[in-house]
file target-v3.pdb (PDB, C-alpha atoms)
ATOM      1  CA  ILE A 168    -208.618-159.571  15.193
ATOM      2  CA  GLU A 169    -210.485-162.859  15.535
ATOM      3  CA  MET A 170    -208.857-165.609  13.524
ATOM      4  CA  GLU A 171    -211.324-167.048  11.090
ATOM      5  CA  CYS A 172    -211.647-170.732  10.476
ATOM      6  CA  ARG A 173    -212.798-171.571   6.968
ATOM      7  CA  VAL A 174    -214.332-174.795   5.694
ATOM      8  CA  LEU A 175    -214.762-175.850   2.066
ATOM      9  CA  SER A 176    -217.747-178.205   2.047
ATOM     10  CA  VAL A 177    -218.425-180.190  -1.137
ATOM     11  CA  GLN A 178    -221.786-181.925  -0.676
ATOM     12  CA  SER A 179    -225.349-182.224  -1.950
ATOM     13  CA  HIS A 180    -227.823-179.360  -1.766
ATOM     14  CA  VAL A 181    -231.595-179.688  -1.442
ATOM     15  CA  VAL A 182    -234.147-176.899  -1.835
ATOM     16  CA  ARG A 183    -236.276-178.355   0.941
ATOM     17  CA  GLY A 184    -235.014-180.208   3.979
ATOM     18  CA  TYR A 185    -231.698-181.225   5.468
ATOM     19  CA  VAL A 186    -229.066-183.385   3.825
ATOM     20  CA  GLY A 187    -225.476-182.770   2.669
ATOM     21  CA  ASN A 188    -224.547-179.089   2.762
ATOM     22  CA  LYS A 189    -227.952-178.184   4.213
ATOM     23  CA  SER A 190    -227.164-180.493   7.158
ATOM     24  CA  ALA A 191    -223.602-179.251   7.643
ATOM     25  CA  THR A 192    -223.617-175.503   6.927
ATOM     26  CA  PHE A 193    -225.964-174.076   9.542
ATOM     27  CA  PRO A 194    -224.478-176.058  12.482
ATOM     28  CA  LEU A 195    -220.928-175.123  11.461
ATOM     29  CA  GLN A 196    -221.868-171.450  11.105
ATOM     30  CA  VAL A 197    -223.583-171.489  14.493
ATOM     31  CA  LEU A 198    -220.298-172.783  15.950
ATOM     32  CA  GLY A 199    -218.342-169.922  14.385
ATOM     33  CA  PHE A 200    -216.974-171.434  11.156
ATOM     34  CA  GLU A 201    -216.992-169.716   7.777
ATOM     35  CA  VAL A 202    -218.459-172.252   5.348
ATOM     36  CA  ASP A 203    -217.853-172.091   1.595
ATOM     37  CA  SER A 204    -220.206-174.583  -0.076
ATOM     38  CA  ILE A 205    -219.890-176.293  -3.402
ATOM     39  CA  ASN A 206    -223.131-178.106  -4.166
ATOM     40  CA  SER A 207    -222.337-181.444  -5.824
ATOM     41  CA  VAL A 208    -226.022-181.771  -6.706
ATOM     42  CA  GLN A 209    -228.995-179.445  -6.470
ATOM     43  CA  PHE A 210    -232.170-181.432  -5.905
ATOM     44  CA  SER A 211    -235.687-180.371  -4.904
ATOM     45  CA  ASN A 212    -235.461-182.654  -1.832
ATOM     46  CA  HIS A 213    -233.689-185.841  -0.728
ATOM     47  CA  THR A 214    -234.281-189.047  -2.665
ATOM     48  CA  GLY A 215    -236.249-190.715   0.151
ATOM     49  CA  TYR A 216    -239.351-188.820  -1.001
ATOM     50  CA  ALA A 217    -241.693-190.226  -3.674
ATOM     51  CA  HIS A 218    -240.436-187.602  -6.173
ATOM     52  CA  TRP A 219    -237.296-185.549  -6.656
ATOM     53  CA  LYS A 220    -235.938-183.365  -9.441
ATOM     54  CA  GLY A 221    -232.706-181.518 -10.027
ATOM     55  CA  GLN A 222    -229.219-181.152 -11.422
ATOM     56  CA  VAL A 223    -225.868-182.828 -10.854
ATOM     57  CA  LEU A 224    -222.546-180.941 -10.886
ATOM     58  CA  THR A 225    -219.926-182.523 -13.164
ATOM     59  CA  ALA A 226    -216.202-182.814 -12.441
ATOM     60  CA  ASP A 227    -215.555-180.081 -15.034
ATOM     61  CA  GLU A 228    -218.075-177.743 -13.409
ATOM     62  CA  LEU A 229    -216.460-178.407 -10.015
ATOM     63  CA  ASN A 230    -213.113-177.443 -11.523
ATOM     64  CA  VAL A 231    -214.569-174.232 -12.974
ATOM     65  CA  LEU A 232    -215.887-173.163  -9.552
ATOM     66  CA  TYR A 233    -212.553-173.930  -7.898
ATOM     67  CA  GLU A 234    -210.697-172.016 -10.639
ATOM     68  CA  GLY A 235    -212.798-168.927  -9.829
ATOM     69  CA  ILE A 236    -211.889-169.146  -6.142
ATOM     70  CA  LYS A 237    -208.238-169.647  -7.086
ATOM     71  CA  LEU A 238    -208.067-166.734  -9.564
ATOM     72  CA  ASN A 239    -209.179-164.386  -6.784
ATOM     73  CA  ASN A 240    -206.517-165.867  -4.508
ATOM     74  CA  VAL A 241    -209.061-166.816  -1.836
ATOM     75  CA  ASN A 242    -208.357-170.546  -1.921
ATOM     76  CA  HIS A 243    -207.056-170.713   1.638
ATOM     77  CA  TYR A 244    -208.905-173.225   3.807
ATOM     78  CA  ASP A 245    -208.466-174.741   7.256
ATOM     79  CA  TYR A 246    -210.821-177.657   6.589
ATOM     80  CA  VAL A 247    -212.335-179.554   3.683
ATOM     81  CA  LEU A 248    -215.501-181.592   4.262
ATOM     82  CA  THR A 249    -216.953-184.101   1.781
ATOM     83  CA  GLY A 250    -219.797-186.610   1.815
ATOM     84  CA  TYR A 251    -221.950-188.493  -0.689
ATOM     85  CA  THR A 252    -220.551-188.675  -4.234
ATOM     86  CA  ARG A 253    -221.646-191.079  -6.996
ATOM     87  CA  ASP A 254    -219.183-190.115  -9.703
ATOM     88  CA  THR A 255    -215.559-191.308  -9.868
ATOM     89  CA  SER A 256    -214.215-188.384 -11.908
ATOM     90  CA  PHE A 257    -215.905-185.923  -9.523
ATOM     91  CA  LEU A 258    -214.279-187.673  -6.556
ATOM     92  CA  GLU A 259    -210.866-187.682  -8.271
ATOM     93  CA  THR A 260    -211.215-183.936  -8.886
ATOM     94  CA  VAL A 261    -211.984-183.462  -5.179
ATOM     95  CA  VAL A 262    -208.728-185.301  -4.359
ATOM     96  CA  ASP A 263    -206.784-182.992  -6.714
ATOM     97  CA  ILE A 264    -208.322-179.920  -5.050
ATOM     98  CA  VAL A 265    -207.576-181.243  -1.534
ATOM     99  CA  GLN A 266    -203.947-181.930  -2.495
ATOM    100  CA  GLU A 267    -203.533-178.420  -3.885
ATOM    101  CA  LEU A 268    -205.167-176.834  -0.813
ATOM    102  CA  LYS A 269    -202.836-178.879   1.429
ATOM    103  CA  ARG A 270    -199.812-177.586  -0.469
ATOM    104  CA  LEU A 271    -201.045-174.035   0.230
ATOM    105  CA  ASN A 272    -201.831-174.842   3.876
ATOM    106  CA  PRO A 273    -200.017-177.949   5.191
ATOM    107  CA  LYS A 274    -202.117-177.727   8.390
ATOM    108  CA  LEU A 275    -205.387-178.215   6.462
ATOM    109  CA  VAL A 276    -207.589-180.991   7.859
ATOM    110  CA  TYR A 277    -209.666-183.049   5.417
ATOM    111  CA  VAL A 278    -212.775-184.592   6.971
ATOM    112  CA  CYS A 279    -214.114-187.347   4.721
ATOM    113  CA  ASP A 280    -217.322-189.333   5.104
ATOM    114  CA  PRO A 281    -216.763-192.193   2.596
ATOM    115  CA  VAL A 282    -220.461-192.718   1.839
ATOM    116  CA  MET A 283    -220.858-196.003  -0.047
ATOM    117  CA  GLY A 284    -223.554-198.083   1.601
ATOM    118  CA  ASP A 285    -224.910-199.665   4.750
ATOM    119  CA  GLN A 286    -226.071-202.997   6.152
ATOM    120  CA  GLY A 287    -224.131-204.984   3.551
ATOM    121  CA  SER A 288    -225.320-203.240   0.384
ATOM    122  CA  MET A 289    -223.788-200.462  -1.708
ATOM    123  CA  TYR A 290    -225.864-197.484  -2.820
ATOM    124  CA  VAL A 291    -223.159-195.974  -5.014
ATOM    125  CA  PRO A 292    -221.632-197.520  -8.182
ATOM    126  CA  GLU A 293    -219.049-200.184  -7.286
ATOM    127  CA  ASN A 294    -216.285-198.409  -9.228
ATOM    128  CA  ILE A 295    -216.239-195.666  -6.604
ATOM    129  CA  LEU A 296    -214.738-198.020  -3.975
ATOM    130  CA  PRO A 297    -211.216-198.169  -5.498
ATOM    131  CA  VAL A 298    -211.141-194.353  -5.718
ATOM    132  CA  TYR A 299    -211.944-194.014  -2.011
ATOM    133  CA  ARG A 300    -209.616-196.862  -1.042
ATOM    134  CA  ASP A 301    -206.597-195.934  -3.192
ATOM    135  CA  LYS A 302    -206.837-192.139  -3.496
ATOM    136  CA  VAL A 303    -209.213-190.457  -1.059
ATOM    137  CA  VAL A 304    -208.338-192.194   2.234
ATOM    138  CA  ALA A 305    -204.649-191.395   1.686
ATOM    139  CA  VAL A 306    -205.332-187.627   1.803
ATOM    140  CA  ALA A 307    -208.014-187.752   4.532
ATOM    141  CA  ASP A 308    -207.198-186.710   8.106
ATOM    142  CA  ILE A 309    -210.518-187.588   9.727
ATOM    143  CA  LEU A 310    -212.555-190.498   8.330
ATOM    144  CA  THR A 311    -216.145-191.334   9.384
ATOM    145  CA  PRO A 312    -217.181-194.653   7.799
ATOM    146  CA  ASN A 313    -219.911-196.920   9.122
ATOM    147  CA  GLN A 314    -219.013-200.575   9.720
ATOM    148  CA  PHE A 315    -219.838-201.690   6.163
ATOM    149  CA  GLU A 316    -217.772-198.877   4.614
ATOM    150  CA  ALA A 317    -214.809-199.641   6.900
ATOM    151  CA  GLU A 318    -215.024-203.295   5.838
ATOM    152  CA  LEU A 319    -215.095-202.305   2.146
ATOM    153  CA  LEU A 320    -212.076-200.000   2.511
ATOM    154  CA  THR A 321    -209.912-202.561   4.348
ATOM    155  CA  GLY A 322    -211.249-205.817   2.896
ATOM    156  CA  ARG A 323    -211.716-207.077   6.473
ATOM    157  CA  LYS A 324    -214.942-208.313   8.093
ATOM    158  CA  ILE A 325    -215.899-206.996  11.543
ATOM    159  CA  SER A 326    -217.557-209.495  13.909
ATOM    160  CA  THR A 327    -216.118-208.426  17.257
ATOM    161  CA  GLU A 328    -214.899-205.242  18.920
ATOM    162  CA  LYS A 329    -211.342-206.557  18.523
ATOM    163  CA  ASP A 330    -211.908-206.810  14.729
ATOM    164  CA  ALA A 331    -213.217-203.250  14.697
ATOM    165  CA  LEU A 332    -210.194-201.887  16.578
ATOM    166  CA  GLU A 333    -207.865-203.696  14.132
ATOM    167  CA  VAL A 334    -209.787-202.289  11.154
ATOM    168  CA  MET A 335    -209.409-198.770  12.578
ATOM    169  CA  ASP A 336    -205.649-199.382  12.915
ATOM    170  CA  LEU A 337    -205.520-200.532   9.270
ATOM    171  CA  LEU A 338    -207.330-197.341   8.249
ATOM    172  CA  HIS A 339    -204.775-195.283  10.241
ATOM    173  CA  GLN A 340    -202.030-196.991   8.215
ATOM    174  CA  MET A 341    -203.830-195.925   5.023
ATOM    175  CA  GLY A 342    -203.743-192.223   6.017
ATOM    176  CA  PRO A 343    -206.176-190.678   8.501
ATOM    177  CA  ASP A 344    -205.069-189.918  12.080
ATOM    178  CA  MET A 345    -208.671-190.031  13.290
ATOM    179  CA  VAL A 346    -211.200-192.726  12.419
ATOM    180  CA  VAL A 347    -214.720-192.921  13.807
ATOM    181  CA  LEU A 348    -216.924-195.922  13.028
ATOM    182  CA  THR A 349    -220.203-194.029  13.188
ATOM    183  CA  SER A 350    -222.341-197.166  13.508
ATOM    184  CA  THR A 351    -221.622-200.869  13.897
ATOM    185  CA  ASP A 352    -223.562-204.132  14.242
ATOM    186  CA  LEU A 353    -221.691-204.919  17.459
ATOM    187  CA  ILE A 354    -223.885-205.982  20.375
ATOM    188  CA  SER A 355    -223.991-203.453  23.194
ATOM    189  CA  PRO A 356    -223.557-204.735  26.770
ATOM    190  CA  HIS A 357    -226.707-202.669  27.478
ATOM    191  CA  GLY A 358    -228.772-204.707  24.998
ATOM    192  CA  GLY A 359    -230.040-204.533  21.419
ATOM    193  CA  GLN A 360    -231.708-201.124  21.742
ATOM    194  CA  PHE A 361    -228.276-199.448  21.745
ATOM    195  CA  LEU A 362    -226.061-198.604  18.780
ATOM    196  CA  VAL A 363    -222.299-199.007  19.246
ATOM    197  CA  ALA A 364    -219.867-196.500  17.695
ATOM    198  CA  LEU A 365    -216.074-196.583  18.025
ATOM    199  CA  GLY A 366    -213.356-193.981  17.625
ATOM    200  CA  SER A 367    -209.580-194.001  17.325
ATOM    201  CA  GLN A 368    -207.092-191.124  17.244
ATOM    202  CA  LYS A 369    -203.402-191.467  16.510
ATOM    203  CA  MET A 370    -201.284-188.775  18.141
ATOM    204  CA  VAL A 371    -197.623-187.885  17.944
ATOM    205  CA  ARG A 372    -195.951-187.144  21.276
ATOM    206  CA  PRO A 373    -193.386-184.309  21.568
ATOM    207  CA  ASP A 374    -190.576-186.913  21.410
ATOM    208  CA  GLY A 375    -191.867-188.206  18.054
ATOM    209  CA  THR A 376    -193.392-191.477  19.301
ATOM    210  CA  THR A 377    -197.061-192.146  18.582
ATOM    211  CA  SER A 378    -199.910-193.093  20.886
ATOM    212  CA  THR A 379    -203.472-194.090  20.010
ATOM    213  CA  GLN A 380    -206.587-193.200  21.976
ATOM    214  CA  LYS A 381    -209.592-195.463  21.427
ATOM    215  CA  ILE A 382    -213.138-194.975  22.664
ATOM    216  CA  ARG A 383    -216.528-196.684  22.538
ATOM    217  CA  MET A 384    -219.916-194.988  22.628
ATOM    218  CA  GLU A 385    -223.411-196.380  22.930
ATOM    219  CA  MET A 386    -226.417-194.469  21.692
ATOM    220  CA  PRO A 387    -230.081-195.359  22.117
ATOM    221  CA  LYS A 388    -231.592-196.510  18.813
ATOM    222  CA  VAL A 389    -234.598-194.643  17.378
ATOM    223  CA  ASP A 390    -237.188-196.494  15.313
ATOM    224  CA  ALA A 391    -237.316-194.238  12.250
ATOM    225  CA  VAL A 392    -235.314-193.493   9.124
ATOM    226  CA  PHE A 393    -233.568-190.136   9.297
ATOM    227  CA  VAL A 394    -231.761-188.548   6.373
ATOM    228  CA  GLY A 395    -228.879-186.121   6.855
ATOM    229  CA  THR A 396    -227.736-187.428  10.247
ATOM    230  CA  GLY A 397    -224.450-188.778   8.832
ATOM    231  CA  ASP A 398    -223.730-185.377   7.259
ATOM    232  CA  LEU A 399    -224.489-183.664  10.569
ATOM    233  CA  PHE A 400    -222.230-186.153  12.388
ATOM    234  CA  ALA A 401    -219.217-185.431  10.140
ATOM    235  CA  ALA A 402    -219.750-181.659  10.413
ATOM    236  CA  MET A 403    -220.030-181.776  14.213
ATOM    237  CA  LEU A 404    -216.974-184.016  14.498
ATOM    238  CA  LEU A 405    -215.069-181.405  12.456
ATOM    239  CA  ALA A 406    -216.263-178.638  14.789
ATOM    240  CA  TRP A 407    -215.679-180.406  18.087
ATOM    241  CA  THR A 408    -212.275-181.856  17.165
ATOM    242  CA  HIS A 409    -211.302-178.279  16.261
ATOM    243  CA  HIS A 410    -212.236-177.232  19.812
ATOM    244  CA  HIS A 411    -210.777-180.431  21.392
ATOM    245  CA  PRO A 412    -207.895-181.429  19.081
ATOM    246  CA  LYS A 413    -206.251-183.788  21.592
ATOM    247  CA  ASP A 414    -209.363-185.098  23.281
ATOM    248  CA  LEU A 415    -211.229-187.647  21.175
ATOM    249  CA  LYS A 416    -213.528-188.500  24.093
ATOM    250  CA  ALA A 417    -214.797-184.920  24.524
ATOM    251  CA  ALA A 418    -215.144-184.317  20.775
ATOM    252  CA  CYS A 419    -217.147-187.513  20.246
ATOM    253  CA  GLU A 420    -219.343-186.967  23.311
ATOM    254  CA  LYS A 421    -220.322-183.508  22.087
ATOM    255  CA  THR A 422    -220.840-184.725  18.503
ATOM    256  CA  VAL A 423    -223.059-187.637  19.506
ATOM    257  CA  SER A 424    -224.946-185.488  22.025
ATOM    258  CA  VAL A 425    -225.792-182.907  19.343
ATOM    259  CA  LEU A 426    -227.145-185.726  17.186
ATOM    260  CA  HIS A 427    -229.152-187.110  20.080
ATOM    261  CA  HIS A 428    -230.832-183.746  20.748
ATOM    262  CA  VAL A 429    -231.600-183.063  17.079
ATOM    263  CA  ILE A 430    -232.996-186.567  16.522
ATOM    264  CA  LYS A 431    -235.062-186.460  19.706
ATOM    265  CA  ARG A 432    -236.582-183.108  18.757
ATOM    266  CA  THR A 433    -237.225-184.396  15.235
ATOM    267  CA  ILE A 434    -238.951-187.659  16.216
ATOM    268  CA  THR A 435    -241.093-185.893  18.841
ATOM    269  CA  TYR A 436    -242.255-183.368  16.239
ATOM    270  CA  ALA A 437    -242.746-186.009  13.505
ATOM    271  CA  ASN A 438    -244.855-188.262  15.724
ATOM    272  CA  LYS A 439    -246.990-185.322  16.807
ATOM    273  CA  MET A 440    -247.541-184.251  13.185
ATOM    274  CA  ALA A 441    -248.299-187.795  11.978
ATOM    275  CA  GLY A 442    -250.852-188.468  14.696
ATOM    276  CA  PRO A 443    -251.382-191.525  16.917
ATOM    277  CA  GLY A 444    -250.454-194.894  15.375
ATOM    278  CA  LYS A 445    -249.281-193.397  12.057
ATOM    279  CA  ARG A 446    -245.724-193.576  10.685
ATOM    280  CA  PRO A 447    -244.290-190.123   9.937
ATOM    281  CA  SER A 448    -243.607-189.189   6.297
ATOM    282  CA  PRO A 449    -240.170-188.201   4.948
ATOM    283  CA  ALA A 450    -241.277-184.539   5.043
ATOM    284  CA  GLN A 451    -242.265-184.826   8.721
ATOM    285  CA  LEU A 452    -238.937-186.522   9.529
ATOM    286  CA  GLU A 453    -236.771-183.684   8.159
ATOM    287  CA  LEU A 454    -234.262-182.761  10.877
ATOM    288  CA  ARG A 455    -235.379-179.961  13.202
ATOM    289  CA  MET A 456    -232.129-178.131  12.643
ATOM    290  CA  VAL A 457    -232.994-174.473  13.183
ATOM    291  CA  GLN A 458    -235.054-175.377  16.251
ATOM    292  CA  SER A 459    -231.966-177.128  17.692
ATOM    293  CA  LYS A 460    -229.668-174.106  17.503
ATOM    294  CA  LYS A 461    -229.039-173.962  21.280
ATOM    295  CA  ASP A 462    -228.311-177.708  21.445
ATOM    296  CA  ILE A 463    -225.804-177.350  18.607
ATOM    297  CA  GLU A 464    -224.015-174.493  20.390
ATOM    298  CA  TYR A 465    -224.120-175.917  23.927
ATOM    299  CA  PRO A 466    -224.896-179.634  23.784
ATOM    300  CA  ALA A 467    -225.849-181.176  27.119
ATOM    301  CA  ILE A 468    -223.750-184.355  27.263
ATOM    302  CA  VAL A 469    -226.082-187.365  27.166
ATOM    303  CA  VAL A 470    -223.644-190.053  25.999
ATOM    304  CA  GLU A 471    -220.429-190.910  27.807
ATOM    305  CA  ALA A 472    -217.544-192.275  25.759
ATOM    306  CA  ILE A 473    -215.673-195.180  27.365
ATOM    307  CA  VAL A 474    -211.897-195.020  26.918
ATOM    308  CA  LEU A 475    -210.680-198.451  25.790
TER
END

call {"tool": "encode", "arguments": {"input": "target-v3.pdb", "output": "structure tokens"}}
result
Amino acid sequence: IEMECRVLSVQSHVVRGYVGNKSATFPLQVLGFEVDSINSVQFSNHTGYAHWKGQVLTADELNVLYEGIKLNNVNHYDYVLTGYTRDTSFLETVVDIVQELKRLNPKLVYVCDPVMGDQGSMYVPENILPVYRDKVVAVADILTPNQFEAELLTGRKISTEKDALEVMDLLHQMGPDMVVLTSTDLISPHGGQFLVALGSQKMVRPDGTTSTQKIRMEMPKVDAVFVGTGDLFAAMLLAWTHHHPKDLKAACEKTVSVLHHVIKRTITYANKMAGPGKRPSPAQLELRMVQSKKDIEYPAIVVEAIVL
């Protein structure tokens, strides 16, 4: 019998478009994972549009859904995946659920994208930071902050690659064995049109000593605002680290390559739809996820990770 690999994904849901669970579920399913989704919000579309409507799941309602799963004795998971959350009590409930699931399966891997802000400004309430810093990071196994979020969590500024590597080590000390800085303001040797991402994985050798693998990646920047790419990144990192548990370089290359293909297909389509000289609308910039199915399954490697 094929072993099944099951993910509990607690993220946003939108009726139209791709963000949160909509960004994570299809790619994970395509790669053979069973995905159980809890929708932390249900909105008509993402909030980058002119209008949006919908409902928000409370901490109590989250608990009720988990209780149902538990009563039927089907609360066995291999992975938990979480992203954007605005509410502290909701996030604390997630931590409780993760801790209980880890007691039931000590091998469970919690992939956490600590979504708080970007480019020096927070887009969640400030009281969510201490919950991430003091409670969530401690139970996370894989953490995918951007530079700003990593700085918030450690209280350290990043100006150089050396700073960034030290910040990743500090985050390891706080809990997670794998940390990927999904985007930084570091200057690429290849020039300003490249985005620098860094990764670090702490591994225990058979004799009990630890070693750390660190990598750097550079991705070509695209002049457009995409929504849902961070959620896709975390989901693909979950999938590819599952397939390459001891090879951070391979997992990150495949993850970033999937993103590259999806974004390239999306911007090509959006520009065509918008017409010459016009900026595409949020609706035109929705990720071309279904159209990228083959790239998700078999990503051609377009970014090479440098081992540091």

call {"tool": "closest_residue", "arguments": {"input": "target-v3.pdb", "among": "A:Leu238, A:Val223, A:Val278, A:Val392", "to": "Ser207 in chain A", "atoms": "all atoms listed in the file"}}
result
A:Val223

call {"tool": "resolve_selection", "arguments": {"input": "target-v3.pdb", "expression": "the PyMOL selection byres ((chain A and resi 194-204) around 6)", "output": "mmCIF file with C-alpha atoms, in the coordinates of the input"}}
result
data_model
loop_
_atom_site.group_PDB
_atom_site.id
_atom_site.type_symbol
_atom_site.label_atom_id
_atom_site.label_comp_id
_atom_site.auth_asym_id
_atom_site.auth_seq_id
_atom_site.Cartn_x
_atom_site.Cartn_y
_atom_site.Cartn_z
ATOM 1 C CA CYS A 172 -211.647 -170.732 10.476
ATOM 2 C CA ARG A 173 -212.798 -171.571 6.968
ATOM 3 C CA VAL A 174 -214.332 -174.795 5.694
ATOM 4 C CA LEU A 175 -214.762 -175.850 2.066
ATOM 5 C CA SER A 176 -217.747 -178.205 2.047
ATOM 6 C CA VAL A 177 -218.425 -180.190 -1.137
ATOM 7 C CA ALA A 191 -223.602 -179.251 7.643
ATOM 8 C CA THR A 192 -223.617 -175.503 6.927
ATOM 9 C CA PHE A 193 -225.964 -174.076 9.542
ATOM 10 C CA ILE A 205 -219.890 -176.293 -3.402
#

call {"tool": "closest_residue", "arguments": {"input": "target-v3.pdb", "among": "A:Val306, A:Ile236, A:Leu338, A:Met289", "to": "Val276 in chain A", "atoms": "all atoms listed in the file"}}
result
A:Val306

call {"tool": "resolve_selection", "arguments": {"input": "target-v3.pdb", "expression": "the PyMOL selection byres ((chain A and resi 339) around 12)", "output": "PyMOL selection string"}}
result
chain A and resi 304-310+317+320-321+332-338+340-347+366-370+377-379

call {"tool": "residues_around", "arguments": {"input": "target-v3.pdb", "residues": "Arg383 in chain A", "least_positions_apart": "6", "cutoff": "10 Å", "atoms": "all atoms listed in the file", "output": "PDB file with C-alpha atoms, in the frame of the given file"}}
result
ATOM      1  CA  GLU A 328    -214.899-205.242  18.920  1.00  0.00           C
ATOM      2  CA  VAL A 347    -214.720-192.921  13.807  1.00  0.00           C
ATOM      3  CA  LEU A 348    -216.924-195.922  13.028  1.00  0.00           C
ATOM      4  CA  VAL A 363    -222.299-199.007  19.246  1.00  0.00           C
ATOM      5  CA  ALA A 364    -219.867-196.500  17.695  1.00  0.00           C
ATOM      6  CA  LEU A 365    -216.074-196.583  18.025  1.00  0.00           C
ATOM      7  CA  GLY A 366    -213.356-193.981  17.625  1.00  0.00           C
ATOM      8  CA  SER A 367    -209.580-194.001  17.325  1.00  0.00           C
ATOM      9  CA  LYS A 416    -213.528-188.500  24.093  1.00  0.00           C
ATOM     10  CA  CYS A 419    -217.147-187.513  20.246  1.00  0.00           C
ATOM     11  CA  GLU A 471    -220.429-190.910  27.807  1.00  0.00           C
ATOM     12  CA  ALA A 472    -217.544-192.275  25.759  1.00  0.00           C
ATOM     13  CA  ILE A 473    -215.673-195.180  27.365  1.00  0.00           C
ATOM     14  CA  VAL A 474    -211.897-195.020  26.918  1.00  0.00           C
ATOM     15  CA  LEU A 475    -210.680-198.451  25.790  1.00  0.00           C
TER      16      LEU A 475
END

call {"tool": "atom_distance", "arguments": {"input": "target-v3.pdb", "atom1": "CA of Tyr277 in chain A", "atom2": "CA of Leu248 in chain A"}}
result
6.1 Å

call {"tool": "resolve_selection", "arguments": {"input": "target-v3.pdb", "expression": "the PyMOL selection byres ((chain A and resi 450) around 12)", "output": "ChimeraX atom specification"}}
result
/A:183-185,212-218,392-394,433-434,436-438,440-441,446-449,451-455

call {"tool": "residues_around", "arguments": {"input": "target-v3.pdb", "residues": "range 253-261 of chain A", "least_positions_apart": "2", "cutoff": "8 Å", "atoms": "all atoms listed in the file", "output": "PyMOL selection string"}}
result
chain A and resi 225-226+229-230+251+263-265+291-292+294-295+298+302-303

call {"tool": "atom_distance", "arguments": {"input": "target-v3.pdb", "atom1": "CA of Ala418 in chain A", "atom2": "CA of Ile468 in chain A"}}
result
10.8 Å

call {"tool": "atom_distance", "arguments": {"input": "target-v3.pdb", "atom1": "CA of Thr408 in chain A", "atom2": "CA of Val371 in chain A"}}
result
15.9 Å

call {"tool": "closest_residue", "arguments": {"input": "target-v3.pdb", "among": "A:Gln178, A:Gln314, A:Gln380, A:Gln360", "to": "Val247 in chain A", "atoms": "all atoms listed in the file"}}
result
A:Gln178

call {"tool": "closest_residue", "arguments": {"input": "target-v3.pdb", "among": "A:Ala417, A:Leu405, A:Val469, A:Leu399", "to": "Pro387 in chain A", "atoms": "all atoms listed in the file"}}
result
A:Val469

call {"tool": "closest_residue", "arguments": {"input": "target-v3.pdb", "among": "A:Ser326, A:Thr435, A:Gln266, A:Ser288", "to": "Ala391 in chain A", "atoms": "only C-alpha atoms"}}
result
A:Thr435

call {"tool": "closest_residue", "arguments": {"input": "target-v3.pdb", "among": "A:Ala467, A:Val181, A:Val186, A:Leu296", "to": "Glu316 in chain A", "atoms": "all atoms listed in the file"}}
result
A:Leu296

call {"tool": "residues_around", "arguments": {"input": "target-v3.pdb", "residues": "Asp462 in chain A", "least_positions_apart": "2", "cutoff": "12 Å", "atoms": "all atoms listed in the file", "output": "PyMOL selection string"}}
result
chain A and resi 194+197-198+403+421-432+455-460+464-469

call {"tool": "axis_aligned_box", "arguments": {"input": "target-v3.pdb", "around": "range 397-407 of chain A", "padding_each_side": "6 Å", "output": "lines of an AutoDock Vina configuration file"}}
result
center_x = -219.8
center_y = -183.7
center_z = 12.7
size_x = 21.4
size_y = 22.1
size_z = 22.8

call {"tool": "decode", "arguments": {"input": "target-v3.pdb", "residues": "range 366-391 of chain A", "atoms": "C-alpha atoms", "output": "compact mmCIF listing (two decimals), in the first residue's frame"}}
result
# COMPACT_ATOMS: atom_id res chain seq x y z
CA GLY A 366 18.75 29.14 3.45
CA SER A 367 20.16 27.26 6.43
CA GLN A 368 19.57 23.69 7.60
CA LYS A 369 20.81 22.25 10.87
CA MET A 370 21.39 18.51 10.74
CA VAL A 371 22.32 15.94 13.34
CA ARG A 372 25.01 13.46 12.29
CA PRO A 373 24.75 9.77 13.29
CA ASP A 374 27.27 10.42 16.10
CA GLY A 375 25.04 13.14 17.59
CA THR A 376 27.09 16.16 16.48
CA THR A 377 25.37 18.84 14.40
CA SER A 378 26.33 20.39 11.08
CA THR A 379 24.73 23.32 9.26
CA GLN A 380 24.32 23.65 5.50
CA LYS A 381 23.89 27.19 4.19
CA ILE A 382 22.99 28.29 0.68
CA ARG A 383 22.40 31.47 -1.31
CA MET A 384 20.08 31.87 -4.28
CA GLU A 385 19.57 34.72 -6.70
CA MET A 386 16.35 35.15 -8.61
CA PRO A 387 15.58 37.65 -11.36
CA LYS A 388 13.21 40.36 -10.10
CA VAL A 389 9.87 40.88 -11.87
CA ASP A 390 8.31 44.34 -12.02
CA ALA A 391 4.81 43.54 -10.74
